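Shown below: input.cif, with mmCIF, C-alpha atoms.
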```
data_upload
#
loop_
_atom_site.group_PDB
_atom_site.id
_atom_site.type_symbol
_atom_site.label_atom_id
_atom_site.label_comp_id
_atom_site.auth_asym_id
_atom_site.auth_seq_id
_atom_site.Cartn_x
_atom_site.Cartn_y
_atom_site.Cartn_z
ATOM 1 C CA ALA C 7 4.194 -1.080 -5.249
ATOM 2 C CA ALA C 8 7.317 0.545 -6.667
ATOM 3 C CA PRO C 9 8.478 -0.777 -10.055
ATOM 4 C CA TYR C 10 11.462 -3.071 -10.644
ATOM 5 C CA ALA C 11 10.767 -5.147 -7.502
ATOM 6 C CA GLY C 12 10.884 -2.082 -5.282
ATOM 7 C CA PRO C 13 9.180 -1.576 -1.907
ATOM 8 C CA LEU C 14 5.455 -1.884 -1.206
ATOM 9 C CA ALA C 15 3.252 0.428 0.839
ATOM 10 C CA VAL C 16 0.267 -1.162 2.587
ATOM 11 C CA MET C 17 -2.601 0.372 4.549
ATOM 12 C CA ARG C 18 -5.857 -1.141 5.807
ATOM 13 C CA ASP C 19 -8.912 -0.314 3.703
ATOM 14 C CA GLU C 20 -11.291 1.483 6.058
ATOM 15 C CA LYS C 21 -14.238 0.717 3.772
ATOM 16 C CA LYS C 22 -13.946 -3.030 4.437
ATOM 17 C CA LEU C 23 -14.582 -5.031 7.578
ATOM 18 C CA SER C 24 -11.466 -6.456 9.211
ATOM 19 C CA LEU C 25 -10.616 -8.271 12.413
ATOM 20 C CA VAL C 26 -9.480 -5.820 15.106
ATOM 21 C CA THR C 27 -6.894 -7.085 17.596
ATOM 22 C CA ALA C 28 -4.931 -5.392 20.362
ATOM 23 C CA GLY C 29 -2.833 -2.534 19.075
ATOM 24 C CA THR C 30 -4.547 -2.223 15.665
ATOM 25 C CA LEU C 31 -7.225 0.404 16.356
ATOM 26 C CA ARG C 32 -5.137 3.227 14.897
ATOM 27 C CA PRO C 33 -4.384 2.716 11.187
ATOM 28 C CA ALA C 34 -0.759 2.522 10.112
ATOM 29 C CA LEU C 35 0.992 2.857 6.778
ATOM 30 C CA ASN C 36 3.495 0.001 6.523
ATOM 31 C CA ILE C 37 6.340 -0.120 3.999
ATOM 32 C CA TYR C 38 7.778 -3.528 3.074
ATOM 33 C CA SER C 39 10.536 -4.738 0.816
ATOM 34 C CA CYS C 40 9.531 -6.867 -2.183
ATOM 35 C CA SER C 41 10.475 -9.971 -0.158
ATOM 36 C CA GLY C 42 8.126 -9.002 2.687
ATOM 37 C CA VAL C 43 10.570 -7.472 5.187
ATOM 38 C CA LEU C 44 9.013 -4.593 7.160
ATOM 39 C CA LEU C 45 11.055 -1.450 6.483
ATOM 40 C CA SER C 46 8.985 1.085 8.422
ATOM 41 C CA SER C 47 5.573 1.704 9.973
ATOM 42 C CA ILE C 48 3.952 5.156 9.970
ATOM 43 C CA PRO C 49 1.109 5.789 12.456
ATOM 44 C CA TRP C 50 -1.589 7.436 10.322
ATOM 45 C CA LYS C 51 -2.875 10.571 12.053
ATOM 46 C CA THR C 52 -3.800 12.690 9.028
ATOM 47 C CA GLY C 53 -6.819 12.612 6.665
ATOM 48 C CA ARG C 54 -8.278 9.888 4.500
ATOM 49 C CA LEU C 55 -5.824 8.412 2.025
ATOM 50 C CA VAL C 56 -7.182 8.218 -1.549
ATOM 51 C CA GLU C 57 -4.150 7.269 -3.667
ATOM 52 C CA MET C 58 -0.516 6.184 -3.403
ATOM 53 C CA GLY C 59 2.384 5.880 -5.824
ATOM 54 C CA TRP C 60 6.154 5.851 -6.016
ATOM 55 C CA THR C 61 8.702 8.178 -7.583
ATOM 56 C CA ASP C 62 11.653 6.903 -9.594
ATOM 57 C CA ASP C 63 13.776 7.463 -6.468
ATOM 58 C CA GLU C 64 11.521 5.110 -4.449
ATOM 59 C CA GLU C 65 9.888 7.869 -2.453
ATOM 60 C CA LEU C 66 6.261 7.255 -1.517
ATOM 61 C CA ILE C 67 3.604 9.717 -2.748
ATOM 62 C CA CYS C 68 0.457 9.846 -0.595
ATOM 63 C CA VAL C 69 -2.598 11.877 -1.684
ATOM 64 C CA LEU C 70 -5.290 12.746 0.879
ATOM 65 C CA ASP C 71 -8.936 13.506 0.189
ATOM 66 C CA ASP C 72 -8.419 17.244 0.839
ATOM 67 C CA GLY C 73 -5.754 17.527 -1.885
ATOM 68 C CA THR C 74 -2.770 17.308 0.462
ATOM 69 C CA VAL C 75 0.228 15.481 -1.012
ATOM 70 C CA GLN C 76 2.811 13.937 1.309
ATOM 71 C CA LEU C 77 6.163 12.456 0.341
ATOM 72 C CA TYR C 78 7.872 9.778 2.486
ATOM 73 C CA ASN C 79 11.117 7.851 2.179
ATOM 74 C CA THR C 80 11.311 4.090 2.765
ATOM 75 C CA GLN C 81 12.267 4.684 6.421
ATOM 76 C CA GLY C 82 8.934 6.403 7.010
ATOM 77 C CA ARG C 83 10.299 9.942 7.321
ATOM 78 C CA LEU C 84 8.149 12.765 5.934
ATOM 79 C CA ILE C 85 10.223 14.510 3.253
ATOM 80 C CA ALA C 86 7.813 17.104 1.883
ATOM 81 C CA THR C 87 4.153 18.107 1.863
ATOM 82 C CA PHE C 88 2.016 20.512 -0.196
ATOM 83 C CA ASN C 89 -1.616 21.085 -1.127
ATOM 84 C CA LEU C 90 -3.235 21.252 -4.558
ATOM 85 C CA GLY C 91 -5.476 24.197 -3.696
ATOM 86 C CA PRO C 92 -8.417 25.485 -1.644
ATOM 87 C CA GLU C 93 -11.039 23.997 -3.980
ATOM 88 C CA LEU C 94 -9.894 20.489 -3.141
ATOM 89 C CA ARG C 95 -9.904 21.326 0.573
ATOM 90 C CA SER C 96 -13.587 22.236 0.394
ATOM 91 C CA ASP C 97 -14.906 19.943 -2.361
ATOM 92 C CA LYS C 98 -12.639 16.922 -1.675
ATOM 93 C CA VAL C 99 -11.043 14.613 -4.241
ATOM 94 C CA LEU C 100 -13.287 12.611 -6.587
ATOM 95 C CA HIS C 101 -10.586 10.908 -8.718
ATOM 96 C CA CYS C 102 -6.815 10.920 -8.452
ATOM 97 C CA CYS C 103 -3.916 9.581 -10.530
ATOM 98 C CA VAL C 104 -0.249 9.349 -9.547
ATOM 99 C CA TRP C 105 2.741 8.805 -11.841
ATOM 100 C CA PRO C 106 6.470 8.806 -10.925
ATOM 101 C CA THR C 107 6.904 12.560 -11.325
ATOM 102 C CA GLY C 108 3.459 14.014 -10.659
ATOM 103 C CA VAL C 109 -0.103 13.963 -9.347
ATOM 104 C CA ALA C 110 -3.456 14.923 -10.889
ATOM 105 C CA CYS C 111 -6.706 15.312 -8.900
ATOM 106 C CA LEU C 112 -10.297 15.939 -9.953
ATOM 107 C CA SER C 113 -12.451 17.620 -7.308
ATOM 108 C CA ARG C 114 -16.124 16.887 -6.740
ATOM 109 C CA GLY C 115 -16.739 20.405 -8.022
ATOM 110 C CA MET C 116 -15.165 19.398 -11.387
ATOM 111 C CA GLY C 117 -11.897 21.296 -10.874
ATOM 112 C CA LEU C 118 -8.873 19.503 -12.327
ATOM 113 C CA TYR C 119 -5.483 20.300 -10.755
ATOM 114 C CA TYR C 120 -2.069 18.758 -11.273
ATOM 115 C CA VAL C 121 1.619 18.947 -10.415
ATOM 116 C CA ASP C 122 4.037 17.562 -12.997
ATOM 117 C CA SER C 123 7.165 17.740 -10.823
ATOM 118 C CA ILE C 124 6.985 16.334 -7.308
ATOM 119 C CA SER C 125 10.479 17.602 -6.499
ATOM 120 C CA ASP C 126 9.525 21.196 -7.427
ATOM 121 C CA PRO C 127 5.726 21.375 -7.088
ATOM 122 C CA VAL C 128 3.887 24.092 -8.996
ATOM 123 C CA VAL C 129 0.114 23.608 -8.934
ATOM 124 C CA ARG C 130 -1.644 24.141 -12.268
ATOM 125 C CA LYS C 131 -5.352 24.155 -13.068
ATOM 126 C CA MET C 132 -6.673 22.656 -16.300
ATOM 127 C CA PRO C 133 -9.665 24.057 -18.249
ATOM 128 C CA SER C 134 -13.078 24.186 -16.610
ATOM 129 C CA LEU C 135 -15.126 20.983 -16.696
ATOM 130 C CA ALA C 136 -18.390 22.534 -15.536
ATOM 131 C CA ASP C 137 -20.118 21.684 -18.838
ATOM 132 C CA LEU C 138 -19.557 17.916 -18.602
ATOM 133 C CA PRO C 139 -22.851 16.070 -19.188
ATOM 134 C CA ALA C 140 -22.323 13.781 -16.165
ATOM 135 C CA THR C 141 -19.930 13.003 -13.328
ATOM 136 C CA PRO C 142 -16.855 11.069 -14.545
ATOM 137 C CA THR C 143 -16.886 7.382 -13.592
ATOM 138 C CA CYS C 144 -13.109 6.913 -13.842
ATOM 139 C CA MET C 145 -9.943 8.780 -14.759
ATOM 140 C CA ALA C 146 -6.547 8.015 -16.293
ATOM 141 C CA VAL C 147 -3.543 10.114 -17.283
ATOM 142 C CA ILE C 148 -0.913 10.030 -20.008
ATOM 143 C CA PRO C 149 2.232 11.503 -18.395
ATOM 144 C CA PRO C 150 3.916 14.414 -20.216
ATOM 145 C CA HIS C 151 6.951 12.402 -21.345
ATOM 146 C CA LEU C 152 4.651 9.992 -23.241
ATOM 147 C CA THR C 153 2.572 12.575 -25.162
ATOM 148 C CA GLN C 154 3.434 14.212 -28.476
ATOM 149 C CA SER C 155 2.865 17.679 -27.000
ATOM 150 C CA LYS C 156 5.024 16.880 -23.924
ATOM 151 C CA ALA C 157 2.142 18.120 -21.770
ATOM 152 C CA LEU C 158 -0.121 16.174 -19.439
ATOM 153 C CA GLU C 159 -3.237 14.612 -20.959
ATOM 154 C CA VAL C 160 -6.111 13.505 -18.713
ATOM 155 C CA LEU C 161 -8.751 10.987 -19.820
ATOM 156 C CA LEU C 162 -12.190 11.146 -18.198
ATOM 157 C CA ALA C 163 -14.912 8.542 -18.791
ATOM 158 C CA VAL C 164 -18.152 10.528 -18.849
ATOM 159 C CA ASP C 165 -21.508 8.893 -19.564
ATOM 160 C CA LYS C 166 -21.016 6.952 -22.838
ATOM 161 C CA THR C 167 -17.898 8.752 -24.065
ATOM 162 C CA ILE C 168 -14.355 9.786 -23.098
ATOM 163 C CA PHE C 169 -13.120 13.351 -22.736
ATOM 164 C CA LEU C 170 -9.447 14.179 -23.368
ATOM 165 C CA VAL C 171 -8.357 17.155 -21.288
ATOM 166 C CA ASP C 172 -5.155 19.147 -21.789
ATOM 167 C CA MET C 173 -4.144 22.699 -20.943
ATOM 168 C CA THR C 174 -6.065 24.117 -23.898
ATOM 169 C CA SER C 175 -9.416 22.323 -23.914
ATOM 170 C CA ALA C 176 -11.582 19.360 -22.962
ATOM 171 C CA GLN C 177 -12.448 17.440 -26.134
ATOM 172 C CA ASP C 178 -15.200 14.846 -26.471
ATOM 173 C CA GLN C 179 -13.691 11.865 -28.353
ATOM 174 C CA ARG C 180 -17.198 10.624 -29.262
ATOM 175 C CA VAL C 181 -16.589 6.968 -28.579
ATOM 176 C CA ALA C 182 -19.625 4.699 -28.490
ATOM 177 C CA ALA C 183 -18.570 1.863 -26.178
ATOM 178 C CA GLY C 184 -19.491 3.447 -22.839
ATOM 179 C CA PRO C 185 -20.342 3.744 -20.091
ATOM 180 C CA ILE C 186 -16.767 2.840 -19.131
ATOM 181 C CA ARG C 187 -16.064 1.532 -15.620
ATOM 182 C CA SER C 188 -12.261 1.373 -15.647
ATOM 183 C CA MET C 189 -9.352 2.609 -17.800
ATOM 184 C CA SER C 190 -5.629 1.812 -17.963
ATOM 185 C CA VAL C 191 -2.960 3.449 -20.147
ATOM 186 C CA CYS C 192 -0.261 1.309 -21.779
ATOM 187 C CA PRO C 193 3.301 1.825 -20.367
ATOM 188 C CA ASN C 194 4.381 3.486 -23.635
ATOM 189 C CA GLY C 195 1.305 5.741 -23.670
ATOM 190 C CA LYS C 196 0.193 4.583 -27.115
ATOM 191 C CA MET C 197 -2.813 2.430 -26.172
ATOM 192 C CA LEU C 198 -5.735 2.583 -23.784
ATOM 193 C CA ALA C 199 -7.588 -0.372 -22.249
ATOM 194 C CA CYS C 200 -11.196 0.181 -21.139
ATOM 195 C CA PHE C 201 -13.619 -2.045 -19.259
ATOM 196 C CA THR C 202 -17.141 -1.284 -20.423
ATOM 197 C CA HIS C 203 -20.471 -1.583 -18.616
ATOM 198 C CA ASP C 204 -21.371 -4.742 -20.547
ATOM 199 C CA GLY C 205 -18.159 -6.608 -19.621
ATOM 200 C CA PHE C 206 -15.965 -5.985 -22.672
ATOM 201 C CA VAL C 207 -12.243 -5.228 -22.536
ATOM 202 C CA TRP C 208 -11.875 -2.623 -25.256
ATOM 203 C CA VAL C 209 -8.390 -1.646 -26.474
ATOM 204 C CA LEU C 210 -7.824 1.374 -28.704
ATOM 205 C CA THR C 211 -5.016 3.760 -29.549
ATOM 206 C CA SER C 212 -4.604 6.653 -27.108
ATOM 207 C CA ASP C 213 -5.271 9.160 -29.882
ATOM 208 C CA PHE C 214 -8.654 7.419 -30.446
ATOM 209 C CA SER C 215 -7.948 6.900 -34.129
ATOM 210 C CA LYS C 216 -8.118 3.097 -34.184
ATOM 211 C CA ASN C 217 -10.038 0.356 -32.402
ATOM 212 C CA LEU C 218 -7.588 -2.507 -31.804
ATOM 213 C CA SER C 219 -9.611 -5.248 -30.091
ATOM 214 C CA GLU C 220 -12.692 -6.154 -28.057
ATOM 215 C CA PHE C 221 -12.830 -9.100 -25.676
ATOM 216 C CA PRO C 222 -15.975 -10.276 -23.829
ATOM 217 C CA THR C 223 -15.225 -11.187 -20.203
ATOM 218 C CA LYS C 224 -18.865 -12.196 -19.520
ATOM 219 C CA SER C 225 -18.715 -10.231 -16.265
ATOM 220 C CA SER C 226 -20.799 -7.136 -15.685
ATOM 221 C CA ALA C 227 -18.936 -6.417 -12.439
ATOM 222 C CA PRO C 228 -15.893 -4.194 -13.011
ATOM 223 C CA PRO C 229 -12.508 -5.662 -12.038
ATOM 224 C CA LEU C 230 -10.861 -4.607 -8.799
ATOM 225 C CA GLN C 231 -7.720 -3.898 -10.838
ATOM 226 C CA MET C 232 -6.872 -3.654 -14.531
ATOM 227 C CA VAL C 233 -3.230 -3.196 -15.541
ATOM 228 C CA TRP C 234 -1.063 -3.694 -18.601
ATOM 229 C CA CYS C 235 1.400 -6.575 -18.845
ATOM 230 C CA GLY C 236 4.082 -5.022 -21.014
ATOM 231 C CA THR C 237 2.624 -3.389 -24.115
ATOM 232 C CA ASP C 238 0.507 -6.168 -25.602
ATOM 233 C CA SER C 239 -1.528 -7.848 -22.853
ATOM 234 C CA VAL C 240 -4.053 -6.681 -20.269
ATOM 235 C CA VAL C 241 -4.475 -8.327 -16.855
ATOM 236 C CA LEU C 242 -7.747 -8.011 -14.904
ATOM 237 C CA TYR C 243 -8.376 -9.060 -11.312
ATOM 238 C CA TRP C 244 -11.663 -9.896 -9.654
ATOM 239 C CA ASP C 245 -11.983 -11.476 -6.219
ATOM 240 C CA ARG C 246 -9.344 -14.273 -6.308
ATOM 241 C CA LEU C 247 -9.601 -14.578 -10.095
ATOM 242 C CA LEU C 248 -7.046 -13.309 -12.610
ATOM 243 C CA LEU C 249 -7.663 -12.974 -16.351
ATOM 244 C CA MET C 250 -4.912 -12.216 -18.865
ATOM 245 C CA VAL C 251 -6.086 -11.101 -22.323
ATOM 246 C CA GLY C 252 -3.620 -11.222 -25.209
ATOM 247 C CA PRO C 253 -3.407 -9.129 -28.374
ATOM 248 C CA TYR C 254 -5.269 -11.581 -30.636
ATOM 249 C CA GLY C 255 -8.117 -12.548 -28.317
ATOM 250 C CA ASP C 256 -6.127 -15.290 -26.594
ATOM 251 C CA TRP C 257 -6.659 -15.490 -22.857
ATOM 252 C CA VAL C 258 -5.582 -17.434 -19.794
ATOM 253 C CA LYS C 259 -7.212 -17.603 -16.361
ATOM 254 C CA PHE C 260 -5.637 -18.082 -12.918
ATOM 255 C CA ALA C 261 -7.353 -18.796 -9.591
ATOM 256 C CA PHE C 262 -5.920 -17.756 -6.210
ATOM 257 C CA ASP C 263 -6.693 -18.781 -2.644
ATOM 258 C CA GLU C 264 -5.790 -15.327 -1.289
ATOM 259 C CA ALA C 265 -6.484 -11.719 -2.151
ATOM 260 C CA VAL C 266 -4.181 -10.367 -4.869
ATOM 261 C CA PHE C 267 -2.555 -7.046 -5.660
ATOM 262 C CA LEU C 268 -1.170 -6.337 -9.150
ATOM 263 C CA ALA C 269 1.845 -4.132 -9.840
ATOM 264 C CA ALA C 270 2.581 -3.323 -13.479
ATOM 265 C CA GLU C 271 6.158 -3.501 -14.749
ATOM 266 C CA SER C 272 7.507 -2.379 -18.117
ATOM 267 C CA ASP C 273 7.350 -5.936 -19.517
ATOM 268 C CA ALA C 274 5.383 -7.964 -16.949
ATOM 269 C CA VAL C 275 3.050 -7.848 -13.932
ATOM 270 C CA ARG C 276 4.004 -8.606 -10.351
ATOM 271 C CA ILE C 277 1.380 -10.540 -8.389
ATOM 272 C CA TYR C 278 1.465 -10.064 -4.633
ATOM 273 C CA THR C 279 -0.515 -12.068 -2.100
ATOM 274 C CA LYS C 280 -0.193 -12.320 1.659
ATOM 275 C CA SER C 281 2.322 -15.154 1.312
ATOM 276 C CA THR C 282 3.779 -14.990 -2.222
ATOM 277 C CA ALA C 283 5.279 -12.678 -4.836
ATOM 278 C CA GLU C 284 5.114 -13.884 -8.436
ATOM 279 C CA LEU C 285 5.920 -12.489 -11.881
ATOM 280 C CA LEU C 286 3.548 -12.926 -14.816
ATOM 281 C CA GLY C 287 4.694 -12.119 -18.331
ATOM 282 C CA ARG C 288 3.870 -12.990 -21.911
ATOM 283 C CA VAL C 289 6.251 -15.488 -23.508
ATOM 284 C CA PRO C 290 8.308 -13.564 -26.121
ATOM 285 C CA ASP C 291 7.712 -14.415 -29.767
ATOM 286 C CA SER C 292 11.409 -15.274 -30.168
ATOM 287 C CA CYS C 293 11.078 -18.014 -27.522
ATOM 288 C CA VAL C 294 7.914 -19.363 -29.158
ATOM 289 C CA ASP C 295 9.642 -19.519 -32.546
ATOM 290 C CA ALA C 296 12.622 -21.369 -31.082
ATOM 291 C CA LEU C 297 10.808 -23.853 -28.833
ATOM 292 C CA LYS C 298 7.411 -24.479 -30.440
ATOM 293 C CA VAL C 299 6.888 -28.069 -31.600
ATOM 294 C CA GLY C 300 7.331 -28.301 -35.364
ATOM 295 C CA SER C 301 8.813 -24.822 -35.739
ATOM 296 C CA VAL C 302 11.036 -24.273 -38.792
ATOM 297 C CA ALA C 303 12.345 -20.884 -37.669
ATOM 298 C CA PRO C 304 16.153 -20.491 -37.912
ATOM 299 C CA ALA C 305 16.499 -20.552 -34.125
ATOM 300 C CA ALA C 306 14.512 -23.808 -33.886
ATOM 301 C CA MET C 307 16.602 -25.445 -36.625
ATOM 302 C CA LEU C 308 19.792 -24.389 -34.857
ATOM 303 C CA LEU C 309 18.569 -25.966 -31.607
ATOM 304 C CA ASP C 310 17.698 -29.192 -33.462
ATOM 305 C CA ALA C 311 21.172 -29.226 -35.008
ATOM 306 C CA ARG C 312 22.772 -28.813 -31.600
ATOM 307 C CA ASP C 313 20.744 -31.700 -30.178
ATOM 308 C CA LEU C 314 21.789 -33.925 -33.088
ATOM 309 C CA LEU C 315 25.439 -32.929 -32.617
ATOM 310 C CA GLU C 316 25.346 -33.760 -28.908
ATOM 311 C CA ALA C 317 23.692 -37.100 -29.731
ATOM 312 C CA GLY C 318 26.461 -37.935 -32.222
ATOM 313 C CA ASP C 319 24.044 -38.107 -35.153
ATOM 314 C CA ALA C 320 25.863 -37.654 -38.455
ATOM 315 C CA LYS C 321 22.883 -35.868 -40.008
#
```
Mind turning the file's structure into structure tokens?
Amino acid sequence: AAPYAGPLAVMRDEKKLSLVTAGTLRPALNIYSCSGVLLSSIPWKTGRLVEMGWTDDEELICVLDDGTVQLYNTQGRLIATFNLGPELRSDKVLHCCVWPTGVACLSRGMGLYYVDSISDPVVRKMPSLADLPATPTCMAVIPPHLTQSKALEVLLAVDKTIFLVDMTSAQDQRVAAGPIRSMSVCPNGKMLACFTHDGFVWVLTSDFSKNLSEFPTKSSAPPLQMVWCGTDSVVLYWDRLLLMVGPYGDWVKFAFDEAVFLAAESDAVRIYTKSTAELLGRVPDSCVDALKVGSVAPAAMLLDARDLLEAGDAK
């Protein structure tokens, strides 16, 4: 889903069983508005789709398992296409991440390639990862505009640690919470949320200098999705169950009757189901101070004074 209530791109998951009716044998990539209006339908005749994302101009980025990147507009017209290199054609894509201006892919042969400008693609290869002790279980990126060096940083969960890869080296951060099943980078790039093998949501700074919190979910199964809600809460989704974890260990749980897809916004999370579109966000501290029962914050006292004035109370 594109940010700021933009369009959604939907395609049937070929790994799951689904009811086949007349006219649905060939997969199609459908693009909808946020309100559910079908904008276009693209008959899918190319390779296996591994990742999708949107640019800031609401152009759809599609990454195939052979490293081919295709760019579509909301009317379903192919705008541009390019490939990330021959190694990905032969070894295929193991992990892929998309951000509004670029794409990064890790091949099964441990080659890491990226493009940091979709509009003017120049394929670059990062340092060799042949010496990794194990195959990475998940991958996340910190886009160049969010790093201090203004260069792409790639995070790879390997065995019980995390490797940070940039254009100069691949550094073992020597964390001890792994193995890690899922990772998500905060919208401002300053924090990293990890879901560990023993069911903990572990939040730390993206420079790995400080451990911020650990929350036990009591689930050994990794979530289907884990995204940030603004910059201080993490939302996890299992089958029809949503868990929101706050900055001080507070949490709230939601149950759904339908499958859910989460789309992170800068200050909230959009929750899409087959029939609804909802917005989940943390209540701002300013609202809590003003409206909490018994609050003596200036805003709360001003509201009390207004109520007394409207009631004609001389106090």
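Listed by chain and then by number, the residues chosen by the PyMOL selection byres ((chain C and resi 269-277) around 7) in this file are Ala7, Pro9, Tyr10, Pro193, Val233, Trp234, Cys235, Gly236, Val266, Phe267, Leu268, Tyr278, Thr279, Ala283, Glu284, Leu285, Leu286 and Gly287 of chain C.
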Limited to C-alpha atoms, could you put the picked residues into a file as a compact mmCIF listing (two decimals), keeping the file's coordinate frame?
```txt
# COMPACT_ATOMS: atom_id res chain seq x y z
CA ALA C 7 4.19 -1.08 -5.25
CA PRO C 9 8.48 -0.78 -10.06
CA TYR C 10 11.46 -3.07 -10.64
CA PRO C 193 3.30 1.82 -20.37
CA VAL C 233 -3.23 -3.20 -15.54
CA TRP C 234 -1.06 -3.69 -18.60
CA CYS C 235 1.40 -6.58 -18.84
CA GLY C 236 4.08 -5.02 -21.01
CA VAL C 266 -4.18 -10.37 -4.87
CA PHE C 267 -2.56 -7.05 -5.66
CA LEU C 268 -1.17 -6.34 -9.15
CA TYR C 278 1.46 -10.06 -4.63
CA THR C 279 -0.52 -12.07 -2.10
CA ALA C 283 5.28 -12.68 -4.84
CA GLU C 284 5.11 -13.88 -8.44
CA LEU C 285 5.92 -12.49 -11.88
CA LEU C 286 3.55 -12.93 -14.82
CA GLY C 287 4.69 -12.12 -18.33
```
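Between CA of Pro228 in chain C and CA of Phe201 in chain C the separation is 7.0 Å.
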I'd like the neighbourhood of Ala183 in chain C as a compact mmCIF listing (two decimals) with C-alpha atoms, in the frame of the given file, where a residue qualifies if any of its atoms comes within 7 Å (using all atoms listed in the file), though same-chain residues fewer than 2 positions away should be ignored.
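Below is the file that was written, result38.txt:
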```txt
# COMPACT_ATOMS: atom_id res chain seq x y z
CA LYS C 166 -21.02 6.95 -22.84
CA VAL C 181 -16.59 6.97 -28.58
CA PRO C 185 -20.34 3.74 -20.09
CA THR C 202 -17.14 -1.28 -20.42
```
Computed interatomic separation between CA of Lys280 in chain C and CA of Asp245 in chain C (Å): 14.2 Å
Residue neighbourhood Gln154 in chain C, 10 Å, all atoms listed in the file, exclusion window fewer than 4 positions, as a VMD selection string: chain C and resid 150 158 195
Distance query Met189 in chain C at most 10 Å, all atoms listed in the file, self and fewer than 6 positions along chain excluded, as a PyMOL selection string: chain C and resi 143-147+161-163+198-202+207-209+231-233
Contacts of range 28-44 of chain C at 6 Å (only C-alpha atoms; same-chain gap of 6+ positions) as a PyMOL selection string: chain C and resi 11-17+50
Radius query 6 Å about (-7.9, 11.3, 1.9), atoms used: all atoms listed in the file, as a PyMOL selection string: chain C and resi 53-56+70-71
